[in-house]
Each structure stands twice: as C-alpha cells, then as structure tokens.
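Undergrad: Below you will find the structure I want to go over with you.
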Amino acid sequence: MTEKTFDTPSASSSFSVNKAADRPTASGLAPNWLRNWRTPEVLLRLLSPIALLLLWELASRFGLIPQRIIAAPSQIGDTLWAMIVSGELGKHLLVSLQRALLGLSIGVSIGVVAALITGLSKRGEVILDSPMQMLRTIPSLALVPLFILWFGIGEFTKIALIVTGTTFPVYLNLFSGIRNIDPKLIEAANTLGLNRRELIWHVILPGSLPSFFVGLRYSLGISWLALVFVEQINTTAGIGFLASDARDFMRTDVIVICLLIYSVLGLLIDGLIRTLERFALAWRPSFVRN
Amino acid sequence: MSTLAAKHLQSDAPVQLRNVVRQFGQQRVIDGLDLDIAPGEFVALLGASGSGKTTLLRSLAGLDSIDSGQLLVPKARAAVFQEPRLMPWKRAWKNVILGLRVPDAKERAVQALTEVGLAHRLEAYPATLSGGEAQRVALARGLVREPKLLLLDEPFAALDALTRIKMHRLIIELWRKHTPAVLLVTHDVDEAILLADRVIVLANGKIAEQLTIDLPRSRDTGQDGFQAIRARLLSLLGVEVETAAVAERQTTVRRFAHA
C-alpha cells in the first residue's frame with residue numbers, strides 16, 4: 001500500500017484571482033449593437049403575465065374554459081372599454097371612492113384624536129384606553145346586524161362600518177408610536193428648556209409620525225375590504241353593486257373588471273401614501289440615502 | 001455647618017453643592033457631596049462605574065432631583081451626552097435652535113455651526129452626519145444658549161481616536177472663547193488631564209481626591225509631569241501602573257533641574 005499524502009496543489013496558503021479584463025473585441029460575427037443588447041428588465045417581467053393571458057385567451061377560444069366560469073381576456077377588454085365610454089364605470093367608481101374616503105377620513109380622524117388623548121396624558125389613557133382595547137377586538141363586520149337595526153340599510157350604515165374598521169389600526173399604531181419615543185430625546189428636549197406644548201409639537205408628534213403611517217396603511221387596506229362587503233348589501237351604485245349585479249346576470253367579464261378596479265385603486269392609494277411618506281418622513285435614513 | 005454653607009453660597013461660584021444626598025432605595029449614590037465650580041473653570045469628574053458621576057451630572061442638568069442638601073446651578077446651562085441626542089426629523093440648524101426663544105435664531109444657528117466647523121452642513125439631517133459631526137452639532141446646540149455651565153457626559157466616548165483628538169482641541173477652543181464653567185464626566189484619565197483645570201475623583205458618592213492640573217496648555221501626554229499625574233489618578237481609581245518608568249523619568253527631569 002502506497003503512502004498517502006494530502007498535499008494538493010490547491011492547498012497553498014494564498015488565494016489569488018486572475019481575471020482577464022472584460023474588453024470588447026472587434027473580431028466577432030454579430031454587429032456591436034446586437035452583442036451589447038440587453039433586454040430591459042420591464043420586458044422580462046411582463047413576459048410571464050403576457051404568456052398567461054395568451055394561454056387564457058386561447059383556452060377560451062377553443063372552449064376549454066366556458067364563459068360561465070370566466071370570460072376571455074379580449075371580451076373583458078371589450079366590456080371594460082364599453083363601460084368606460086358609456087361612463088357607467090366612472091359613475092360607480094366615484095361612488096365607491098367617495099364612500100371609502102369619507103369612511104376612512106372619519107375613522108382616521110377618530111383614531112388620531114383618541115391616540116393623542118391616551119398617548120399624551122396619563123389620565124386620558126386610564127379613561128379611554130381600556131374601552132378602545134375592548135372595542136377593537138370586535139370584528140367590525142360583526143356589527144352589521146346591529147348597525148342595520150340602528151341606522152337602516154342606507155349610506156350611513158355603510159360609512160359607519162368603514163369608520164369602525166379604520167379607526168383602530170391608526171389608534172393602536174399612533175398610541176404606541178407616541179409611547180415609544182426615545183426617552184433620551186425627551187430628556188434632551190427638557191434640558192433645552194422646551195415646554196410641554198413645544199415638546200409635543202417638536203418631538204413627540206414628528207417622532208410618532210412613522211407609526212401613524214403604518215396605521216394608515218392598515219386602515220386603507222381595511223377600508224377597501226369593508227367597502228367590498230358593504231357594497232354588496234342593498235346598494236344601487238358602487239363597484240360592489242356592479243359586481244353583485246353582474247353575478248345575477250352571470251357576467252363574469254364585469255366581475256373580473258370589478259376585481260381589477262379594486263386592485264388598481266388599492267395600488268394607487270398605496271402609492272399615494274408612499275409619496276406622502278417620502279415628503280413627511282424625508283429625514284429617515286432610508287429616504288435620506290436615496 | 002449650615003451657616004458656613006449659607007456664607008459659601010454668597011460666593012460668585014456658579015455651581016455650589018453643600019452636603020448633597022441622592023439615594024435610590026437604601027443606596028446612597030451621592031453621599032454628602034460638597035463641590036464648588038468657579039466661573040470659567042474646567043472640571044473633570046473621574047470615577048469607577050457606579051461612583052455617582054452620572055447621577056451628579058443629571059442633578060446639575062436638572063434631569064434628576066436631590067434628596068437633601070443645597071444645590072445651586074445657573075439657569076443658563078447646557079448638556080452634551082455620549083449620544084448626540086439630535087432630533088432626527090430636524091435639520092442640523094433647526095436642532096441647534098430648538099427651544100431657543102430669540103428673534104435672530106437662524107443667524108445664531110449659522111454662527112454656532114460655523115464655530116464647530118459645520119457651516120457646510122446646516123441643512124443636513126442627523127442621519128446623514130458622521131458620529132463626530134453629530135456630536136459637534138450637539139455642542140453647537142449647547143453653546144448657542146450661552147451657558148454659564150456646560151455639562152459634558154462622556155461626550156467623546158463613542159468617537160474614534162482621531163476624531164476624539166480633534167474634538168479635544170475644539171472643546172478647548174470653544175471653552176476659551178465662551179468661558180463657561182465646564183463639568184466633564186469621563187472614564188478616560190488622559191482626557192481628563194489634557195482638558196481640565198481640576199480633576200475630581202469620585203468614589204462612593206463622595207469626593208475621594210481632587211487634583212489641580214497646572215500643566216501649561218496646550219497639553220500632550222508626553223509632557224513633563226503628565227505621566228506622574230496619570231499614575232496618581234489611576235492608582236486612586238484602583239489601577240496600579242508600572243511606576244518605575246515614571247519615577248525614572250521624574251529623576252531625569254529633576255537632574256536636569258539641578259543642572
């Protein structure tokens with residue numbers, strides 16, 4: 001048996017890299033512009049959705065997917081165009097947006113006021129926090145029967161449900177934002193001689209703004225969810241009404257359009273909040289570096 | 001004692017402490033402390049962890065109360081801590097004038113930031129400042145209030161060695177210009193000797209020892225007498241150093257003096 005050695009050439013103590021410089025050479029079959037061609041990332045990203053749409057369209061054309069299950073993309077496109085041109089879509093969209101924004105603004109306002117009361121004063125916390133904590137555990141949609149008995153099935157109930165859904169995320173996040181401000185900053189403010197009003201205005205409110213935005217994002221999502229729900233109970237206008245009406249006529253194309261509208265609006269409003277954050281929280285390291 | 005204290009309080013020293021006690025539960029963190037700081041005096045406070053340094057500084061800054069004794073501090077005082085404690089949502093100059101109620105606030109901010117060498121960073125958010133820059137903004141924020149007493153709680157501890165040297169020069173320069181009384185809390189014996197007129201060693205909530213540093217400025221650690229003071233302070237803080245080298249150095253000096 002021969003003696004084994006573990007001495008391999010690669011077992012040297014240094015590590016070296018030797019790369020040739022990446023220089024374009026003139027000799028080549030393809031022209032320069034073709035060799036330097038880079039497919040834009042956007043196109044690559046769009047590739048799979050487009051393929052999926054094509055498959056869907058083909059399957060519908062050949063009768064693999066009946067219209068009762070879901071309409072063909074081309075048909076959805078046609079219907080969408082027709083609804084835009086006739087103004088029908090715009091009308092319903094406006095109603096839905098008004099509901100969502102009205103409910104959201106009332107809900108967020110209540111949440112902010114409550115969080116300021118409980119966050120900024122000990123007494124406020126004692127008085128207001130426990131009822132808020134109790135109320136927040138009730139799913140707002142479970143209030144529907146009670147609200148219908150109280151306020152009927154009109155607009156008021158719909159808005160009220162969106163309000164109850166959107167109040168608590170803002171309340172909880174802003175409250176914890178106020179309470180979690182770095183005590184060292186508050187101490188610094190005290191040594192600088194800030195009075196209570198200045199402390200709230202210059203330190204506590206700007207410091208809790210990031211938490212407020214987190215709450216606002218949650219509230220937006222919830223307002224959308226509540227909107228979908230309330231617009232399917234006894235309404236004559238709104239995207240939700242459009243969808244439930246389409247169900248009765250088995251118009252799968254209209255239902256898909258409604259879904260699309262919800263998602264596009266959700267994205268748009270999220271983008272709006274992001275822009276707001278970019279301005280209001282320009283001091284944050286993540287924004288500062290960009 | 002009380003009459004003596006009352007008589008002493010008549011003096012012009014901006015900081016006067018008589019028999020000050022601060023206790024948390026049964027533990028007396030400050031235990032009958034007497035201390036005067038003269039106008040424009042630079043005092044460094046040394047002590048092991050838990051010796052009551054920070055508690056004393058917080059009492060002087062008005063962030064903590066005392067349990068008994070007499071404490072006199074000027075209203076015009078400013079504090080700089082180990083962390084800059086700048087409001088992240090305010091630009092540098094807005095941080096400097098926070099809580100300052102004067103009409104020409106912006107001009108004063110510009111002036112103060114220029115003094116600390118940050119005229120080009122007026123509009124910067126704290127997140128974009130380096131550690132040394134942020135600490136200089138904190139210093140400007142303190143000095144813009146024209147304090148009679150400047151409290152420094154290990155303000156250079158979190159900085160790198162090179163930045164610290166620059167900050168030492170800056171602090172001396174600003175101290176000479178604005179002439180506040182300064183109380184510097186530090187762990188760094190060299191820093192205390194380099195900067196202070198007087199070094200106080202705190203132990204068990206009392207002044208264990210004070211040394212007047214009469215080395216000529218501007219000082220450096222290689223200066224004659226520096227190492228002797230250093231060894232003395234370190235031994236007071238419970239760190240024994242190789243004294244042979246120091247002794248030899250001193251005999252050399254003495255020999256020169258005789259010759």
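Note on naming: chains are A, B, ... as they come in the structure tokens, residues start from 1 per chain, ligands start from 1 in the order shown.
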What are the residues of chain A that have an atom within 9 Å of an atom of chain B, counting only C-alpha atoms, as a ChimeraX atom specification?

TA: /A:184-185,187-195,198,202-203,206-207,281-285,288-289

Undergrad: Write a file of the just-selected residues containing N, CA and C atoms, as an mmCIF file, in the first residue's frame.

TA:
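So the final result, stored in result.cif, reads:
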data_model
loop_
_atom_site.group_PDB
_atom_site.id
_atom_site.type_symbol
_atom_site.label_atom_id
_atom_site.label_comp_id
_atom_site.auth_asym_id
_atom_site.auth_seq_id
_atom_site.Cartn_x
_atom_site.Cartn_y
_atom_site.Cartn_z
ATOM 1 N N LYS A 184 -34.465 59.363 25.658
ATOM 2 C CA LYS A 184 -33.296 60.238 25.646
ATOM 3 C C LYS A 184 -33.574 61.531 24.887
ATOM 4 N N LEU A 185 -34.384 61.431 23.839
ATOM 5 C CA LEU A 185 -34.732 62.638 23.094
ATOM 6 C C LEU A 185 -35.611 63.550 23.937
ATOM 7 N N GLU A 187 -35.553 63.685 27.154
ATOM 8 C CA GLU A 187 -34.645 64.252 28.144
ATOM 9 C C GLU A 187 -33.874 65.426 27.542
ATOM 10 N N ALA A 188 -33.381 65.225 26.318
ATOM 11 C CA ALA A 188 -32.653 66.299 25.639
ATOM 12 C C ALA A 188 -33.563 67.517 25.498
ATOM 13 N N ALA A 189 -34.807 67.288 25.112
ATOM 14 C CA ALA A 189 -35.745 68.400 24.957
ATOM 15 C C ALA A 189 -35.931 69.123 26.283
ATOM 16 N N ASN A 190 -35.962 68.374 27.375
ATOM 17 C CA ASN A 190 -36.110 69.008 28.684
ATOM 18 C C ASN A 190 -34.897 69.859 29.028
ATOM 19 N N THR A 191 -33.689 69.362 28.730
ATOM 20 C CA THR A 191 -32.514 70.174 29.045
ATOM 21 C C THR A 191 -32.462 71.404 28.145
ATOM 22 N N LEU A 192 -33.096 71.344 26.978
ATOM 23 C CA LEU A 192 -33.104 72.502 26.094
ATOM 24 C C LEU A 192 -34.186 73.504 26.487
ATOM 25 N N GLY A 193 -34.955 73.169 27.513
ATOM 26 C CA GLY A 193 -35.941 74.106 28.030
ATOM 27 C C GLY A 193 -37.229 74.174 27.235
ATOM 28 N N LEU A 194 -37.592 73.085 26.543
ATOM 29 C CA LEU A 194 -38.860 73.088 25.820
ATOM 30 C C LEU A 194 -40.010 72.939 26.822
ATOM 31 N N ASN A 195 -41.088 73.715 26.604
ATOM 32 C CA ASN A 195 -42.262 73.500 27.449
ATOM 33 C C ASN A 195 -43.096 72.358 26.859
ATOM 34 N N GLU A 198 -44.318 72.720 23.245
ATOM 35 C CA GLU A 198 -43.213 72.602 22.288
ATOM 36 C C GLU A 198 -42.710 71.165 22.208
ATOM 37 N N HIS A 202 -42.565 69.567 18.659
ATOM 38 C CA HIS A 202 -41.254 69.391 18.024
ATOM 39 C C HIS A 202 -40.683 67.990 18.194
ATOM 40 N N VAL A 203 -41.159 67.259 19.194
ATOM 41 C CA VAL A 203 -40.535 65.965 19.479
ATOM 42 C C VAL A 203 -41.520 64.812 19.327
ATOM 43 N N PRO A 206 -43.632 64.600 15.562
ATOM 44 C CA PRO A 206 -42.801 64.116 14.443
ATOM 45 C C PRO A 206 -42.220 62.734 14.697
ATOM 46 N N GLY A 207 -41.934 62.443 15.968
ATOM 47 C CA GLY A 207 -41.351 61.135 16.277
ATOM 48 C C GLY A 207 -42.331 59.990 16.113
ATOM 49 N N LEU A 281 -41.557 62.063 5.886
ATOM 50 C CA LEU A 281 -40.500 61.369 6.624
ATOM 51 C C LEU A 281 -39.172 61.473 5.885
ATOM 52 N N ALA A 282 -38.965 62.623 5.251
ATOM 53 C CA ALA A 282 -37.756 62.786 4.434
ATOM 54 C C ALA A 282 -36.482 62.623 5.257
ATOM 55 N N TRP A 283 -36.605 62.770 6.568
ATOM 56 C CA TRP A 283 -35.430 62.702 7.443
ATOM 57 C C TRP A 283 -35.007 61.281 7.742
ATOM 58 N N ARG A 284 -35.854 60.294 7.421
ATOM 59 C CA ARG A 284 -35.499 58.922 7.803
ATOM 60 C C ARG A 284 -34.318 58.432 6.970
ATOM 61 N N PRO A 285 -33.446 57.636 7.587
ATOM 62 C CA PRO A 285 -32.246 57.192 6.878
ATOM 63 C C PRO A 285 -32.553 56.535 5.537
ATOM 64 N N VAL A 288 -33.300 59.346 3.233
ATOM 65 C CA VAL A 288 -32.180 60.268 3.105
ATOM 66 C C VAL A 288 -31.152 59.735 2.122
ATOM 67 N N ARG A 289 -30.925 58.415 2.186
ATOM 68 C CA ARG A 289 -29.880 57.847 1.338
ATOM 69 C C ARG A 289 -30.258 57.838 -0.130
#

Undergrad: What's around Arg247 in chain A at 12 Å? Count only C-alpha atoms, leave out sequence neighbours fewer than 6 positions away in its own chain, and write the answer as a ChimeraX atom specification.

TA: /A:68-70,232,240-241,253-256,258

Undergrad: Go ahead and save the residues from that selection, with C-alpha atoms, as a tab-separated table (two decimals), in the first residue's frame.

TA:
chain	number	residue	atom	x	y	z
A	68	ARG	CA	-69.79	30.79	-17.34
A	69	ILE	CA	-66.56	30.15	-15.40
A	70	ILE	CA	-64.60	33.14	-16.64
A	232	GLN	CA	-72.94	44.07	-1.74
A	240	GLY	CA	-69.52	46.29	-5.18
A	241	PHE	CA	-73.00	46.80	-6.57
A	253	ASP	CA	-66.37	39.74	-17.52
A	254	VAL	CA	-67.88	42.50	-15.37
A	255	ILE	CA	-66.92	40.70	-12.17
A	256	VAL	CA	-63.31	40.48	-13.32
A	258	CYS	CA	-64.57	44.96	-10.65

Undergrad: Using only C-alpha atoms, which residues sit within 7 Å of Asp197 in chain B once same-chain residues fewer than 4 positions away are excluded, as JSON, numbers by chain?

TA: {"B": [41, 42, 43, 212, 213, 214]}

Undergrad: Compare B:Asp36, B:Glu146, B:Glu209, B:Asp220 by their minimum atom-to-atom distance to Ile165 in chain B, counting only C-alpha atoms, and give me the closest one.

TA: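 Selected residue with least distance to Ile165 in chain B: B:Asp220.
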
Undergrad: Quick one: residues within 12 Å of Asn234 in chain A, only C-alpha atoms counted, chain neighbours fewer than 4 positions away excluded, as a PyMOL selection string?

TA: chain A and resi 148+152-155+157-158+229-230+238+240-242+244-245

Undergrad: Atoms to include: C-alpha atoms. Write the selected residues as a CSV table (one decimal), in the first residue's frame.

TA:
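Saved to selection-v6.csv:
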chain,number,residue,atom,x,y,z
A,148,ILE,CA,-78.8,47.8,10.2
A,152,GLY,CA,-81.3,51.1,8.5
A,153,ILE,CA,-79.6,49.9,5.3
A,154,GLY,CA,-78.7,53.2,3.9
A,155,GLU,CA,-75.5,55.1,3.3
A,157,THR,CA,-74.5,52.1,7.9
A,158,LYS,CA,-72.0,51.7,5.1
A,229,PHE,CA,-68.5,43.9,1.8
A,230,VAL,CA,-70.9,46.8,2.4
A,238,GLY,CA,-70.6,51.4,-6.5
A,240,GLY,CA,-69.5,46.3,-5.2
A,241,PHE,CA,-73.0,46.8,-6.6
A,242,LEU,CA,-71.6,46.3,-10.1
A,244,SER,CA,-73.2,41.6,-7.3
A,245,ASP,CA,-75.4,42.8,-10.2

Undergrad: I need the residue nearest Leu17 in chain B from this list: B:Val201, B:His187, B:Ala48, B:Ile207. Use only C-alpha atoms for the distance.

TA: B:Ile207

Undergrad: Suppose you want the space between CA of Leu272 in chain A and CA of Ile117 in chain A; what is it in Å?

TA: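 Interatomic distance here is 27.7 Å.
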
Undergrad: Just give me the gap between CA of Ser11 in chain B and CA of Leu174 in chain B in Å, one decimal is fine.

TA: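 Between CA of Ser11 in chain B and CA of Leu174 in chain B the gap works out to 25.7 Å.
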
Undergrad: Would you kindly return, as a VMD selection string, each protein, DNA or RNA residue with an atom no farther than 12 Å from any atom of His120 in chain B, considering only C-alpha atoms and excluding same-chain residues fewer than 6 positions away?

TA: chain B and resid 92 to 93 110 to 111 113 to 114 129 133 137

Undergrad: Write a file of the selected residues as a CSV table (one decimal), in the first residue's frame, keeping N, CA and C atoms.

TA:
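Okay, out.csv is ready:
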chain,number,residue,atom,x,y,z
B,92,ALA,N,-29.9,70.2,10.8
B,92,ALA,CA,-28.9,70.5,11.8
B,92,ALA,C,-29.2,71.9,12.4
B,93,TRP,N,-29.4,72.9,11.6
B,93,TRP,CA,-29.6,74.2,12.2
B,93,TRP,C,-30.8,74.3,13.0
B,110,VAL,N,-26.4,79.6,12.4
B,110,VAL,CA,-25.3,79.6,11.4
B,110,VAL,C,-24.0,79.8,12.1
B,111,GLN,N,-24.0,80.8,13.0
B,111,GLN,CA,-22.8,81.2,13.7
B,111,GLN,C,-22.3,80.1,14.5
B,113,LEU,N,-22.9,76.9,14.3
B,113,LEU,CA,-22.4,75.7,13.5
B,113,LEU,C,-21.1,76.0,12.7
B,114,THR,N,-20.9,77.3,12.4
B,114,THR,CA,-19.7,77.7,11.8
B,114,THR,C,-18.5,77.6,12.8
B,129,LEU,N,-25.2,62.7,9.1
B,129,LEU,CA,-24.0,63.2,9.7
B,129,LEU,C,-23.2,62.0,10.3
B,133,GLU,N,-19.5,64.6,13.5
B,133,GLU,CA,-20.3,65.8,13.1
B,133,GLU,C,-21.5,65.9,14.0
B,137,VAL,N,-22.6,69.1,16.3
B,137,VAL,CA,-23.9,69.8,16.2
B,137,VAL,C,-24.5,69.9,17.7

Undergrad: Would you please extract all strand (DSSP E) residues from range 197-241 of chain B, as assigned by DSSP on the backbone, and give them as a list of chain:residue names?

TA: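 Filtering range 197-241 of chain B to strand (DSSP E) leaves B:Arg198, B:Val199, B:Ile200, B:Val201, B:Leu202, B:Ala203, B:Lys206, B:Ile207, B:Ala208, B:Glu209, B:Gln210, B:Leu211, B:Thr212.
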
Undergrad: Just list as JSON, numbers by chain whatever in range 85-200 of chain A DSSP marks as alpha helix (DSSP H).

TA: {"A": [85, 86, 88, 89, 90, 91, 92, 93, 94, 95, 96, 97, 98, 99, 100, 101, 102, 103, 104, 105, 106, 107, 108, 109, 110, 111, 112, 113, 114, 115, 116, 117, 118, 119, 120, 122, 123, 124, 130, 131, 132, 133, 134, 135, 136, 144, 145, 146, 147, 148, 149, 150, 151, 155, 156, 157, 158, 159, 160, 161, 162, 163, 164, 165, 166, 167, 168, 169, 170, 171, 172, 173, 174, 175, 176, 177, 178, 179, 183, 184, 185, 186, 187, 188, 189, 190, 191, 196, 197, 198, 199]}

Undergrad: Pick the closest to Gln133 in chain A from A:Arg274, A:Phe147, A:Ser109, A:Tyr171: which is it, counting only C-alpha atoms?

TA: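 Ranked by minimum distance to Gln133 in chain A, first place goes to A:Tyr171.
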
Undergrad: Could you pull the residues within 10 Å of Leu170 in chain B, counting only C-alpha atoms, minus those fewer than 5 positions along the same chain, as an MDAnalysis selection string?

TA: chainID B and resid 115:117 136 139 164:165 175:176

Undergrad: Take the selection from the previous step and output its residues with N, CA and C atoms, as an mmCIF file, in the first residue's frame.

TA:
data_model
loop_
_atom_site.group_PDB
_atom_site.id
_atom_site.type_symbol
_atom_site.label_atom_id
_atom_site.label_comp_id
_atom_site.auth_asym_id
_atom_site.auth_seq_id
_atom_site.Cartn_x
_atom_site.Cartn_y
_atom_site.Cartn_z
ATOM 1 N N GLU B 115 -18.799 77.924 14.027
ATOM 2 C CA GLU B 115 -17.792 77.787 15.085
ATOM 3 C C GLU B 115 -17.294 76.355 15.236
ATOM 4 N N VAL B 116 -18.222 75.388 15.096
ATOM 5 C CA VAL B 116 -17.797 73.993 15.242
ATOM 6 C C VAL B 116 -17.389 73.395 13.898
ATOM 7 N N GLY B 117 -17.266 74.262 12.883
ATOM 8 C CA GLY B 117 -16.757 73.801 11.587
ATOM 9 C C GLY B 117 -17.771 73.065 10.741
ATOM 10 N N ARG B 136 -20.632 67.410 17.149
ATOM 11 C CA ARG B 136 -20.330 68.838 17.030
ATOM 12 C C ARG B 136 -21.616 69.658 16.945
ATOM 13 N N LEU B 139 -22.822 70.011 20.348
ATOM 14 C CA LEU B 139 -22.010 71.013 21.048
ATOM 15 C C LEU B 139 -22.483 72.429 20.683
ATOM 16 N N ARG B 164 -11.594 62.015 18.218
ATOM 17 C CA ARG B 164 -11.547 62.449 19.607
ATOM 18 C C ARG B 164 -10.470 63.525 19.804
ATOM 19 N N ILE B 165 -9.320 63.328 19.169
ATOM 20 C CA ILE B 165 -8.252 64.322 19.302
ATOM 21 C C ILE B 165 -8.718 65.672 18.779
ATOM 22 N N TRP B 175 -14.238 76.565 24.733
ATOM 23 C CA TRP B 175 -14.269 76.914 26.158
ATOM 24 C C TRP B 175 -13.557 78.244 26.384
ATOM 25 N N ARG B 176 -12.425 78.433 25.702
ATOM 26 C CA ARG B 176 -11.684 79.694 25.861
ATOM 27 C C ARG B 176 -12.485 80.863 25.325
#

Undergrad: To one decimal place in Å, what is the distance between CA of Phe212 in chain A and CA of Leu174 in chain A?

TA: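 Interatomic distance here is 4.8 Å.
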